[in-house]
$ cat run.cif   # mmCIF, C-alpha atoms and all ligand atoms
data_entry
loop_
_atom_site.label_atom_id
_atom_site.label_comp_id
_atom_site.auth_asym_id
_atom_site.auth_seq_id
_atom_site.Cartn_x
_atom_site.Cartn_y
_atom_site.Cartn_z
CA MET A 1 -49.78 -78.68 78.24
CA HIS A 2 -50.96 -75.17 77.29
CA GLU A 3 -47.55 -74.38 75.88
CA PHE A 4 -47.50 -77.62 73.89
CA LEU A 5 -51.00 -76.93 72.55
CA ARG A 6 -50.03 -73.40 71.54
CA ASP A 7 -46.92 -74.69 69.73
CA LEU A 8 -48.82 -77.41 67.84
CA PRO A 9 -49.22 -76.35 64.19
CA LYS A 10 -53.00 -76.55 64.40
CA VAL A 11 -55.15 -77.06 61.33
CA GLU A 12 -58.82 -76.13 61.39
CA LEU A 13 -60.95 -77.99 58.86
CA HIS A 14 -64.36 -76.68 59.98
CA LEU A 15 -64.85 -72.96 60.42
CA HIS A 16 -67.73 -70.78 59.23
CA ILE A 17 -66.15 -67.41 58.61
CA GLU A 18 -69.48 -65.67 59.34
CA GLY A 19 -69.43 -67.45 62.72
CA SER A 20 -66.12 -65.82 63.56
CA LEU A 21 -67.73 -62.36 63.72
CA GLU A 22 -66.92 -61.12 67.22
CA PRO A 23 -69.44 -58.69 68.79
CA GLU A 24 -66.78 -55.96 68.88
CA LEU A 25 -66.36 -56.12 65.09
CA MET A 26 -70.13 -56.47 64.65
CA PHE A 27 -70.59 -53.13 66.44
CA ALA A 28 -67.80 -51.48 64.42
CA LEU A 29 -69.30 -52.66 61.11
CA ALA A 30 -72.83 -51.68 62.20
CA GLN A 31 -71.59 -48.16 62.86
CA ARG A 32 -69.65 -48.01 59.58
CA ASN A 33 -72.73 -49.12 57.63
CA GLY A 34 -75.35 -47.17 59.61
CA ILE A 35 -77.12 -50.27 60.87
CA GLN A 36 -79.10 -50.49 64.11
CA LEU A 37 -78.25 -53.65 66.08
CA PRO A 38 -80.74 -55.39 68.37
CA TYR A 39 -78.19 -55.05 71.21
CA ALA A 40 -77.22 -51.87 73.11
CA THR A 41 -73.72 -53.07 74.04
CA VAL A 42 -71.14 -55.71 73.19
CA GLN A 43 -71.88 -57.34 76.54
CA GLU A 44 -75.60 -57.50 75.74
CA ALA A 45 -74.76 -59.35 72.51
CA LYS A 46 -72.51 -61.80 74.35
CA ASP A 47 -75.21 -62.37 76.97
CA ALA A 48 -77.64 -63.33 74.18
CA TYR A 49 -75.37 -66.16 73.00
CA HIS A 50 -77.07 -68.97 74.91
CA PHE A 51 -78.68 -71.55 72.70
CA SER A 52 -80.96 -74.51 73.19
CA ASP A 53 -80.33 -76.02 69.75
CA LEU A 54 -78.93 -75.43 66.25
CA GLN A 55 -82.05 -73.56 65.11
CA GLY A 56 -81.77 -71.07 67.98
CA PHE A 57 -78.15 -70.38 67.11
CA LEU A 58 -78.82 -70.01 63.38
CA LYS A 59 -81.29 -67.18 64.07
CA LEU A 60 -78.59 -65.08 65.77
CA TYR A 61 -75.94 -66.20 63.27
CA PHE A 62 -77.95 -64.91 60.30
CA GLN A 63 -78.93 -61.77 62.23
CA GLY A 64 -75.30 -61.04 63.15
CA MET A 65 -74.01 -61.27 59.60
CA ASP A 66 -76.42 -58.54 58.46
CA VAL A 67 -73.65 -56.00 59.20
CA LEU A 68 -71.61 -57.46 56.31
CA ARG A 69 -72.45 -55.29 53.33
CA ASN A 70 -69.32 -54.28 51.42
CA GLU A 71 -66.13 -55.93 50.21
CA GLU A 72 -64.20 -54.27 53.03
CA ASP A 73 -66.54 -55.82 55.63
CA PHE A 74 -65.86 -59.36 54.38
CA TYR A 75 -62.14 -58.59 54.25
CA ASP A 76 -62.17 -57.24 57.83
CA LEU A 77 -64.23 -60.20 59.05
CA ALA A 78 -61.79 -62.75 57.61
CA MET A 79 -58.58 -60.89 58.53
CA ASP A 80 -59.79 -60.40 62.09
CA TYR A 81 -60.20 -64.17 62.50
CA PHE A 82 -57.07 -65.11 60.56
CA LYS A 83 -54.88 -62.92 62.79
CA ARG A 84 -56.49 -64.24 65.95
CA ALA A 85 -56.14 -67.85 64.83
CA ARG A 86 -52.52 -67.37 63.77
CA GLY A 87 -51.84 -65.90 67.22
CA GLU A 88 -53.09 -69.21 68.66
CA GLY A 89 -50.70 -71.25 66.51
CA VAL A 90 -53.15 -72.14 63.71
CA VAL A 91 -51.33 -72.70 60.38
CA HIS A 92 -54.19 -73.63 58.05
CA ILE A 93 -57.95 -73.01 57.92
CA ASP A 94 -60.51 -74.53 55.56
CA MET A 95 -63.12 -71.79 55.62
CA HIS A 96 -66.82 -72.34 54.96
CA PHE A 97 -68.81 -69.35 53.74
CA ASP A 98 -72.55 -69.05 53.02
CA PRO A 99 -73.16 -67.10 49.78
CA GLN A 100 -76.95 -67.57 49.89
CA ALA A 101 -77.13 -65.85 53.27
CA HIS A 102 -75.63 -62.76 51.64
CA LEU A 103 -77.39 -62.94 48.26
CA GLN A 104 -80.74 -63.07 50.06
CA ARG A 105 -79.92 -59.72 51.67
CA GLY A 106 -78.98 -58.17 48.35
CA VAL A 107 -75.20 -58.47 48.78
CA PRO A 108 -73.74 -59.58 45.42
CA LEU A 109 -71.53 -62.68 45.21
CA GLU A 110 -68.75 -60.52 43.75
CA VAL A 111 -68.64 -58.43 46.95
CA VAL A 112 -68.40 -61.53 49.18
CA MET A 113 -65.75 -63.21 47.04
CA ALA A 114 -63.61 -60.10 46.55
CA GLY A 115 -63.39 -59.46 50.30
CA LEU A 116 -62.73 -63.08 51.28
CA LEU A 117 -60.20 -63.73 48.49
CA LYS A 118 -58.29 -60.55 49.34
CA ALA A 119 -58.03 -61.68 52.97
CA LYS A 120 -56.96 -65.19 51.91
CA GLN A 121 -54.22 -63.75 49.69
CA GLU A 122 -52.96 -61.45 52.41
CA ALA A 123 -52.99 -64.22 55.04
CA GLU A 124 -51.02 -66.50 52.74
CA ASP A 125 -48.55 -63.74 51.81
CA THR A 126 -47.97 -62.24 55.24
CA LEU A 127 -49.21 -64.50 58.06
CA ASP A 128 -47.78 -67.93 57.23
CA LEU A 129 -51.38 -69.15 57.20
CA SER A 130 -52.89 -71.12 54.32
CA ILE A 131 -56.62 -70.91 53.61
CA GLY A 132 -59.00 -73.35 51.90
CA MET A 133 -62.33 -72.16 50.50
CA ILE A 134 -65.57 -74.13 50.96
CA MET A 135 -68.65 -72.63 49.33
CA ALA A 136 -71.48 -73.92 51.50
CA PHE A 137 -75.15 -74.28 50.59
CA LEU A 138 -78.02 -73.84 53.00
CA ARG A 139 -79.90 -77.12 53.31
CA ASP A 140 -83.08 -75.39 54.53
CA ARG A 141 -83.30 -73.47 51.25
CA PRO A 142 -84.39 -74.99 47.89
CA ALA A 143 -81.83 -77.16 46.11
CA ASP A 144 -82.41 -75.37 42.79
CA GLU A 145 -81.37 -72.10 44.43
CA ALA A 146 -78.11 -73.77 45.50
CA LEU A 147 -77.56 -75.07 41.97
CA HIS A 148 -78.16 -71.60 40.57
CA VAL A 149 -75.62 -70.08 42.98
CA LEU A 150 -73.04 -72.73 42.04
CA GLU A 151 -73.49 -71.80 38.35
CA GLN A 152 -73.35 -68.11 39.20
CA ALA A 153 -70.01 -68.77 40.91
CA ALA A 154 -68.39 -69.84 37.61
CA PRO A 155 -65.78 -67.03 37.72
CA TYR A 156 -64.65 -68.38 41.12
CA TRP A 157 -64.72 -72.15 40.54
CA LYS A 158 -60.94 -72.23 40.19
CA MET A 159 -60.51 -70.50 43.55
CA LEU A 160 -62.73 -72.96 45.44
CA ASP A 161 -61.52 -76.16 47.06
CA ALA A 162 -64.88 -77.67 47.89
CA ILE A 163 -68.60 -77.22 48.28
CA GLY A 164 -70.33 -77.89 51.58
CA LEU A 165 -73.81 -78.26 53.03
CA ASP A 166 -74.81 -76.55 56.29
CA SER A 167 -77.67 -74.88 58.22
CA ALA A 168 -80.67 -76.67 59.80
CA GLU A 169 -80.08 -80.42 59.49
CA GLN A 170 -83.22 -82.00 60.88
CA ASN A 171 -85.71 -82.99 58.14
CA ASN A 172 -83.38 -81.63 55.45
CA PRO A 173 -81.70 -84.82 54.21
CA PRO A 174 -78.54 -84.75 52.10
CA ALA A 175 -80.24 -86.49 49.15
CA ASN A 176 -82.22 -83.31 48.41
CA PHE A 177 -78.96 -81.85 47.08
CA ILE A 178 -77.91 -84.63 44.73
CA ASP A 179 -77.94 -82.41 41.61
CA VAL A 180 -75.81 -79.72 43.25
CA PHE A 181 -73.19 -82.22 44.38
CA LYS A 182 -73.18 -84.01 41.01
CA ARG A 183 -72.50 -80.71 39.32
CA ALA A 184 -69.69 -79.92 41.79
CA GLN A 185 -68.09 -83.28 40.99
CA GLN A 186 -68.24 -82.50 37.26
CA LEU A 187 -66.34 -79.32 38.14
CA GLU A 188 -63.79 -81.39 40.08
CA LEU A 189 -64.65 -79.70 43.34
CA VAL A 190 -64.30 -81.78 46.51
CA CYS A 191 -67.60 -82.38 48.32
CA VAL A 192 -68.11 -82.10 52.08
CA ALA A 193 -71.29 -81.89 54.15
CA HIS A 194 -72.49 -81.38 57.70
CA ALA A 195 -74.10 -84.66 58.75
CA GLY A 196 -74.84 -86.34 62.04
CA GLU A 197 -74.69 -83.14 64.09
CA GLU A 198 -78.39 -82.93 65.01
CA GLY A 199 -79.50 -85.28 62.27
CA PRO A 200 -79.41 -89.10 62.44
CA ALA A 201 -76.51 -91.42 61.55
CA GLU A 202 -78.40 -92.30 58.33
CA TYR A 203 -77.71 -88.78 57.05
CA ILE A 204 -73.97 -89.54 57.26
CA GLN A 205 -74.42 -92.67 55.15
CA GLU A 206 -76.60 -90.72 52.71
CA ALA A 207 -74.04 -87.92 52.39
CA LEU A 208 -71.38 -90.52 51.56
CA ASP A 209 -73.51 -92.62 49.19
CA VAL A 210 -75.64 -90.01 47.46
CA LEU A 211 -73.54 -86.84 47.61
CA GLY A 212 -70.12 -88.48 47.41
CA VAL A 213 -68.68 -86.43 50.25
CA GLU A 214 -65.03 -86.94 51.18
CA ARG A 215 -65.33 -85.27 54.57
CA VAL A 216 -68.11 -85.30 57.16
CA ASP A 217 -68.57 -82.14 59.22
CA HIS A 218 -69.44 -83.09 62.82
CA GLY A 219 -70.56 -86.71 62.29
CA VAL A 220 -70.77 -87.31 66.04
CA ARG A 221 -74.06 -89.20 65.79
CA CYS A 222 -72.37 -91.92 63.73
CA LEU A 223 -72.07 -93.88 66.98
CA GLU A 224 -75.80 -94.61 66.76
CA SER A 225 -75.13 -96.98 63.84
CA GLN A 226 -72.42 -99.63 63.87
CA THR A 227 -72.75 -99.88 60.08
CA VAL A 228 -71.91 -96.19 59.71
CA VAL A 229 -69.01 -96.44 62.17
CA GLU A 230 -67.56 -99.36 60.20
CA ARG A 231 -67.90 -97.46 56.95
CA LEU A 232 -66.17 -94.37 58.35
CA ARG A 233 -63.42 -96.51 59.83
CA SER A 234 -62.75 -98.69 56.81
CA GLU A 235 -62.57 -95.68 54.47
CA GLN A 236 -60.87 -93.48 57.09
CA ILE A 237 -63.25 -90.64 56.32
CA VAL A 238 -62.33 -87.57 58.29
CA LEU A 239 -64.78 -86.19 60.85
CA THR A 240 -64.44 -82.48 61.62
CA VAL A 241 -65.63 -82.55 65.21
CA CYS A 242 -66.37 -79.27 67.02
CA PRO A 243 -66.45 -79.99 70.75
CA LEU A 244 -67.49 -76.61 72.18
CA SER A 245 -70.03 -76.12 69.39
CA ASN A 246 -71.66 -79.41 70.39
CA VAL A 247 -71.86 -78.23 74.02
CA SER A 248 -73.25 -74.80 73.06
CA LEU A 249 -75.92 -76.30 70.79
CA LYS A 250 -76.82 -79.01 73.33
CA VAL A 251 -75.78 -81.89 71.10
CA VAL A 252 -74.19 -83.00 74.39
CA ASP A 253 -74.98 -81.77 77.92
CA ASP A 254 -71.40 -81.50 79.08
CA LEU A 255 -68.04 -81.79 77.35
CA ARG A 256 -67.20 -84.74 79.61
CA ASP A 257 -70.13 -86.59 77.99
CA HIS A 258 -68.85 -85.84 74.50
CA PRO A 259 -68.36 -88.89 72.25
CA LEU A 260 -64.86 -87.75 71.14
CA PRO A 261 -62.97 -90.38 73.19
CA LYS A 262 -65.35 -93.06 71.86
CA LEU A 263 -64.85 -91.89 68.26
CA LEU A 264 -61.09 -92.21 68.73
CA ALA A 265 -61.43 -95.61 70.40
CA GLU A 266 -63.43 -96.74 67.34
CA GLY A 267 -60.42 -95.93 65.16
CA LEU A 268 -62.10 -93.03 63.32
CA LYS A 269 -60.16 -90.21 61.66
CA VAL A 270 -61.11 -87.42 64.05
CA THR A 271 -60.07 -83.75 63.99
CA ILE A 272 -60.94 -80.76 66.18
CA SER A 273 -62.35 -77.44 64.95
CA SER A 274 -64.18 -74.46 66.38
CA ASP A 275 -67.17 -74.18 63.94
CA ASP A 276 -68.40 -70.69 64.97
CA PRO A 277 -65.82 -69.39 67.47
CA ALA A 278 -67.48 -66.03 68.14
CA TYR A 279 -70.66 -67.75 69.30
CA PHE A 280 -69.41 -70.92 71.01
CA GLY A 281 -66.84 -69.63 73.48
CA GLY A 282 -63.64 -69.46 71.47
CA GLY A 283 -61.29 -70.69 68.82
CA MET A 284 -58.82 -73.53 68.43
CA MET A 285 -56.88 -72.98 71.67
CA VAL A 286 -59.99 -72.89 73.84
CA ASN A 287 -61.30 -76.05 72.15
CA HIS A 288 -57.98 -77.87 72.60
CA ILE A 289 -57.59 -76.84 76.24
CA ALA A 290 -61.18 -77.82 77.01
CA CYS A 291 -60.57 -81.29 75.52
CA ALA A 292 -57.31 -81.70 77.46
CA GLU A 293 -59.18 -80.91 80.67
CA ALA A 294 -62.33 -82.91 79.96
CA PHE A 295 -60.66 -86.06 78.60
CA GLY A 296 -57.20 -85.95 80.19
CA TRP A 297 -55.58 -86.49 76.79
CA ASP A 298 -51.80 -86.54 76.55
CA GLU A 299 -49.61 -84.99 73.87
CA ALA A 300 -49.75 -88.11 71.70
CA VAL A 301 -53.53 -87.75 71.22
CA PHE A 302 -53.23 -84.12 70.15
CA ARG A 303 -50.39 -85.01 67.79
CA GLN A 304 -52.59 -87.66 66.17
CA LEU A 305 -55.55 -85.27 65.81
CA THR A 306 -53.28 -82.64 64.27
CA ARG A 307 -51.70 -85.17 61.90
CA ASN A 308 -55.20 -86.23 60.81
CA ALA A 309 -56.11 -82.61 60.05
CA ILE A 310 -52.87 -81.92 58.16
CA GLU A 311 -53.39 -85.04 56.04
CA GLU A 312 -56.91 -83.95 55.08
CA ALA A 313 -56.46 -80.18 54.69
CA PHE A 314 -57.00 -78.50 51.32
CA VAL A 315 -53.32 -77.66 50.78
CA THR A 316 -50.67 -78.30 48.15
CA LEU A 317 -48.42 -81.34 48.48
CA GLU A 318 -45.57 -79.03 49.41
CA ARG A 319 -47.48 -77.29 52.17
CA ARG A 320 -48.66 -80.65 53.56
CA GLU A 321 -45.07 -81.91 53.80
CA GLU A 322 -44.02 -78.66 55.43
CA LEU A 323 -46.80 -78.86 58.03
CA LEU A 324 -46.04 -82.51 58.79
CA ALA A 325 -42.40 -81.57 59.33
CA ARG A 326 -43.43 -78.74 61.64
CA LEU A 327 -45.59 -81.14 63.62
CA ALA A 328 -42.70 -83.59 63.95
CA ALA A 329 -40.47 -80.76 65.21
CA VAL A 330 -42.75 -79.77 68.11
N1 LIG B 401 -73.75 -72.93 60.04
C1 LIG B 401 -72.91 -72.35 60.90
N2 LIG B 401 -72.66 -73.17 61.92
C2 LIG B 401 -73.35 -74.32 61.70
C3 LIG B 401 -73.49 -75.54 62.39
N3 LIG B 401 -72.88 -75.80 63.55
N4 LIG B 401 -74.31 -76.47 61.86
C4 LIG B 401 -74.95 -76.24 60.72
N5 LIG B 401 -74.85 -75.11 60.03
C5 LIG B 401 -74.05 -74.15 60.52
ZN ZN B 402 -70.38 -76.12 60.95
#
$ encode --input "run.cif" --output "structure tokens"
Amino acid sequence: MHEFLRDLPKVELHLHIEGSLEPELMFALAQRNGIQLPYATVQEAKDAYHFSDLQGFLKLYFQGMDVLRNEEDFYDLAMDYFKRARGEGVVHIDMHFDPQAHLQRGVPLEVVMAGLLKAKQEAEDTLDLSIGMIMAFLRDRPADEALHVLEQAAPYWKMLDAIGLDSAEQNNPPANFIDVFKRAQQLELVCVAHAGEEGPAEYIQEALDVLGVERVDHGVRCLESQTVVERLRSEQIVLTVCPLSNVSLKVVDDLRDHPLPKLLAEGLKVTISSDDPAYFGGGMMVNHIACAEAFGWDEAVFRQLTRNAIEEAFVTLERREELLARLAAV
């Protein structure tokens, strides 16, 4: 099974590039930029990665990314993950990034974009790895700030595939961001949003109805509303489910209690991603192996999940055909 899972041409639709910052690289960048970390050693950082909820994780996530200051740092961050993922048999990644988290610290958008776009180009040229770009907005910050950042990103609109919505979900409903998502639609950007991770099933419905999202990140709490399940099923809206993230953030107590098998049984278009691999125990292989062990899935299930992801990835028609052919050849 491990060999089969490694050979699968895996597609990751839900990855926060800032959440791929491994402690080893965090220390290297801290040294390069003369920054004092709150940890004495790599092991001390790893030991701190125990969370009781999303909010607890976000504190360390924003703290960790403080070492990202220059173009080279963003390039190194992304290349480090791209190489690791490719080594695990990943062939495409739709990458979220959080510009506001960097702007707030005085890091210009140009610095973030230059580093990430350089890494994307190099991955596509040399690693046989395609990369989608999702500019995400922080839902616990004001909506007019998000709108301003989207306008500020005008020189990069053509390089973006989508906008997203992330950060603390509870009490930050999707509808707050209607103007931002309307503007993105005018710009012909695809819209995606985190919904139904910690927040209620109603937030999934709201993201679909009010924000016009084509993809729901997480979405696991949809099972609390049969209306929402029916909607997701009838429109075959993809859910980017992140199993080990949900365990780390206590969305579920144990992977064996995870609703993934139920979501599949409901006929929903499910995919598997790692979310923030440096913080939640690993990347795509670790997530796939954990699911194989927890749910006893056979190869056919993993083929279906991979086909779902390939069908929904932000890729050209040509690349999609190529990836489907590679899946069929495994
Ligand atoms: N930002 C990074 N990871 C996230 C998650 N799991 N949920 C919401 N926002 C995030
Ligand atoms: Zn996420």
$ residues_near_ligand --input "run.cif" --ligand "ligand LIG 401 (chain B)" --cutoff "8 Å" --atoms "only C-alpha atoms and all ligand atoms" --output "MDAnalysis selection string"
chainID A and resid 15:16 18:19 54 58 61 138 165:169 194 197 245:246 249 275:276
$ closest_residue --input "run.cif" --among "A:Ile131, A:Leu77, A:Ala195, A:Ala154" --to "Ile93 of chain A" --atoms "only C-alpha atoms"
A:Ile131
$ residues_around --input "run.cif" --residues "Phe74 of chain A" --least-positions-apart "6" --cutoff "7 Å" --atoms "all atoms listed in the file" --output "ChimeraX atom specification"
/A:68,112,115-116
$ closest_residue --input "run.cif" --among "A:Leu21, A:Met285, A:Leu317, A:Leu150" --to "Asp66 of chain A" --atoms "all atoms listed in the file"
A:Leu21
$ residues_around --input "run.cif" --residues "segment 32-49 of chain A" --least-positions-apart "2" --cutoff "10 Å" --atoms "all atoms listed in the file" --output "PDB file with C-alpha atoms, in the frame of the given file"
ATOM      1  CA  GLU A  22     -66.920 -61.120  67.220  1.00  0.00           C
ATOM      2  CA  PRO A  23     -69.440 -58.690  68.790  1.00  0.00           C
ATOM      3  CA  GLU A  24     -66.780 -55.960  68.880  1.00  0.00           C
ATOM      4  CA  LEU A  25     -66.360 -56.120  65.090  1.00  0.00           C
ATOM      5  CA  MET A  26     -70.130 -56.470  64.650  1.00  0.00           C
ATOM      6  CA  PHE A  27     -70.590 -53.130  66.440  1.00  0.00           C
ATOM      7  CA  ALA A  28     -67.800 -51.480  64.420  1.00  0.00           C
ATOM      8  CA  LEU A  29     -69.300 -52.660  61.110  1.00  0.00           C
ATOM      9  CA  ALA A  30     -72.830 -51.680  62.200  1.00  0.00           C
ATOM     10  CA  PHE A  51     -78.680 -71.550  72.700  1.00  0.00           C
ATOM     11  CA  GLY A  56     -81.770 -71.070  67.980  1.00  0.00           C
ATOM     12  CA  PHE A  57     -78.150 -70.380  67.110  1.00  0.00           C
ATOM     13  CA  LEU A  60     -78.590 -65.080  65.770  1.00  0.00           C
ATOM     14  CA  TYR A  61     -75.940 -66.200  63.270  1.00  0.00           C
ATOM     15  CA  GLN A  63     -78.930 -61.770  62.230  1.00  0.00           C
ATOM     16  CA  GLY A  64     -75.300 -61.040  63.150  1.00  0.00           C
ATOM     17  CA  ASP A  66     -76.420 -58.540  58.460  1.00  0.00           C
ATOM     18  CA  VAL A  67     -73.650 -56.000  59.200  1.00  0.00           C
ATOM     19  CA  LEU A  68     -71.610 -57.460  56.310  1.00  0.00           C
ATOM     20  CA  ARG A  69     -72.450 -55.290  53.330  1.00  0.00           C
ATOM     21  CA  ASN A  70     -69.320 -54.280  51.420  1.00  0.00           C
ATOM     22  CA  ASP A  73     -66.540 -55.820  55.630  1.00  0.00           C
ATOM     23  CA  SER A 248     -73.250 -74.800  73.060  1.00  0.00           C
ATOM     24  CA  ALA A 278     -67.480 -66.030  68.140  1.00  0.00           C
ATOM     25  CA  TYR A 279     -70.660 -67.750  69.300  1.00  0.00           C
ATOM     26  CA  PHE A 280     -69.410 -70.920  71.010  1.00  0.00           C
ATOM     27  CA  GLY A 281     -66.840 -69.630  73.480  1.00  0.00           C
TER      28      GLY A 281
END
$ atom_distance --input "run.cif" --atom1 "atom CA of Lys182 of chain A" --atom2 "atom CA of Gly212 of chain A"
8.4 Å
$ residues_around --input "run.cif" --residues "segment 259-261 of chain A" --least-positions-apart "3" --cutoff "12 Å" --atoms "only C-alpha atoms" --output "ChimeraX atom specification"
/A:197,218-224,239-244,246-247,251-256,264-272,291-292,294-297,301-302,305
$ closest_residue --input "run.cif" --among "A:Glu12, A:Asn287, A:Val107, A:Glu145" --to "Val91 of chain A" --atoms "only C-alpha atoms"
A:Glu12
$ closest_residue --input "run.cif" --among "A:Thr126, A:Val213, A:Glu206, A:Val90" --to "Gly164 of chain A" --atoms "all atoms listed in the file"
A:Val213
$ atom_distance --input "run.cif" --atom1 "atom CA of Lys10 of chain A" --atom2 "atom CA of Gly283 of chain A"
11.1 Å
$ closest_residue --input "run.cif" --among "A:Glu299, A:Asp217, A:Asp94, A:Asp140" --to "ligand ZN 402 (chain B)" --atoms "all atoms listed in the file"
A:Asp217
$ closest_residue --input "run.cif" --among "A:Asp161, A:Phe137, A:Glu318, A:Glu293" --to "ligand ZN 402 (chain B)" --atoms "all atoms listed in the file"
A:Phe137
$ atom_distance --input "run.cif" --atom1 "atom CA of Lys83 of chain A" --atom2 "atom CA of Ala193 of chain A"
26.5 Å
$ axis_aligned_box --input "run.cif" --around "segment 110-122 of chain A" --padding-each-side "5 Å" --output "JSON"
{"center_x": -60.9, "center_y": -61.8, "center_z": 48.4, "size_x": 25.8, "size_y": 16.8, "size_z": 19.2}
$ decode --input "run.cif" --residues "segment 154-160 of chain A" --atoms "all heavy atoms" --output "short mmCIF file (atom, residue, chain, number, x, y, z; two decimals), in the first residue's frame"
data_model
loop_
_atom_site.label_atom_id
_atom_site.label_comp_id
_atom_site.auth_asym_id
_atom_site.auth_seq_id
_atom_site.Cartn_x
_atom_site.Cartn_y
_atom_site.Cartn_z
N ALA A 154 -3.08 44.33 -7.99
CA ALA A 154 -3.40 44.44 -9.43
C ALA A 154 -2.27 43.92 -10.35
O ALA A 154 -2.55 43.21 -11.32
CB ALA A 154 -3.77 45.88 -9.78
N PRO A 155 -1.00 44.23 -10.06
CA PRO A 155 0.05 43.74 -10.97
C PRO A 155 0.13 42.21 -11.01
O PRO A 155 0.77 41.67 -11.91
CB PRO A 155 1.34 44.32 -10.37
CG PRO A 155 0.91 45.42 -9.45
CD PRO A 155 -0.47 45.07 -8.98
N TYR A 156 -0.49 41.54 -10.05
CA TYR A 156 -0.37 40.07 -9.94
C TYR A 156 -1.66 39.35 -10.27
O TYR A 156 -1.69 38.12 -10.22
CB TYR A 156 0.08 39.70 -8.51
CG TYR A 156 1.32 40.44 -8.10
CD1 TYR A 156 1.25 41.50 -7.20
CD2 TYR A 156 2.57 40.10 -8.63
CE1 TYR A 156 2.38 42.22 -6.84
CE2 TYR A 156 3.70 40.81 -8.28
CZ TYR A 156 3.60 41.86 -7.38
OH TYR A 156 4.73 42.56 -7.04
N TRP A 157 -2.75 40.08 -10.57
CA TRP A 157 -4.03 39.42 -10.79
C TRP A 157 -3.92 38.29 -11.81
O TRP A 157 -4.48 37.22 -11.64
CB TRP A 157 -5.09 40.43 -11.28
CG TRP A 157 -5.58 41.37 -10.20
CD1 TRP A 157 -5.50 41.19 -8.85
CD2 TRP A 157 -6.21 42.64 -10.41
NE1 TRP A 157 -6.04 42.28 -8.19
CE2 TRP A 157 -6.49 43.18 -9.13
CE3 TRP A 157 -6.58 43.39 -11.54
CZ2 TRP A 157 -7.12 44.41 -8.95
CZ3 TRP A 157 -7.21 44.61 -11.36
CH2 TRP A 157 -7.47 45.12 -10.09
N LYS A 158 -3.16 38.56 -12.87
CA LYS A 158 -3.02 37.55 -13.94
C LYS A 158 -2.31 36.29 -13.48
O LYS A 158 -2.46 35.23 -14.10
CB LYS A 158 -2.23 38.15 -15.11
CG LYS A 158 -3.04 39.01 -16.02
CD LYS A 158 -2.29 39.20 -17.36
CE LYS A 158 -3.05 40.10 -18.30
NZ LYS A 158 -3.21 41.47 -17.77
N MET A 159 -1.52 36.41 -12.43
CA MET A 159 -0.76 35.24 -11.95
C MET A 159 -1.52 34.46 -10.89
O MET A 159 -1.06 33.41 -10.45
CB MET A 159 0.59 35.67 -11.34
CG MET A 159 1.56 36.23 -12.36
SD MET A 159 1.54 37.99 -12.19
CE MET A 159 3.10 38.47 -12.87
N LEU A 160 -2.68 34.97 -10.47
CA LEU A 160 -3.45 34.29 -9.43
C LEU A 160 -4.50 33.38 -10.06
O LEU A 160 -5.05 33.69 -11.11
CB LEU A 160 -4.17 35.30 -8.54
CG LEU A 160 -3.32 36.30 -7.76
CD1 LEU A 160 -4.22 37.26 -6.97
CD2 LEU A 160 -2.35 35.60 -6.82
#
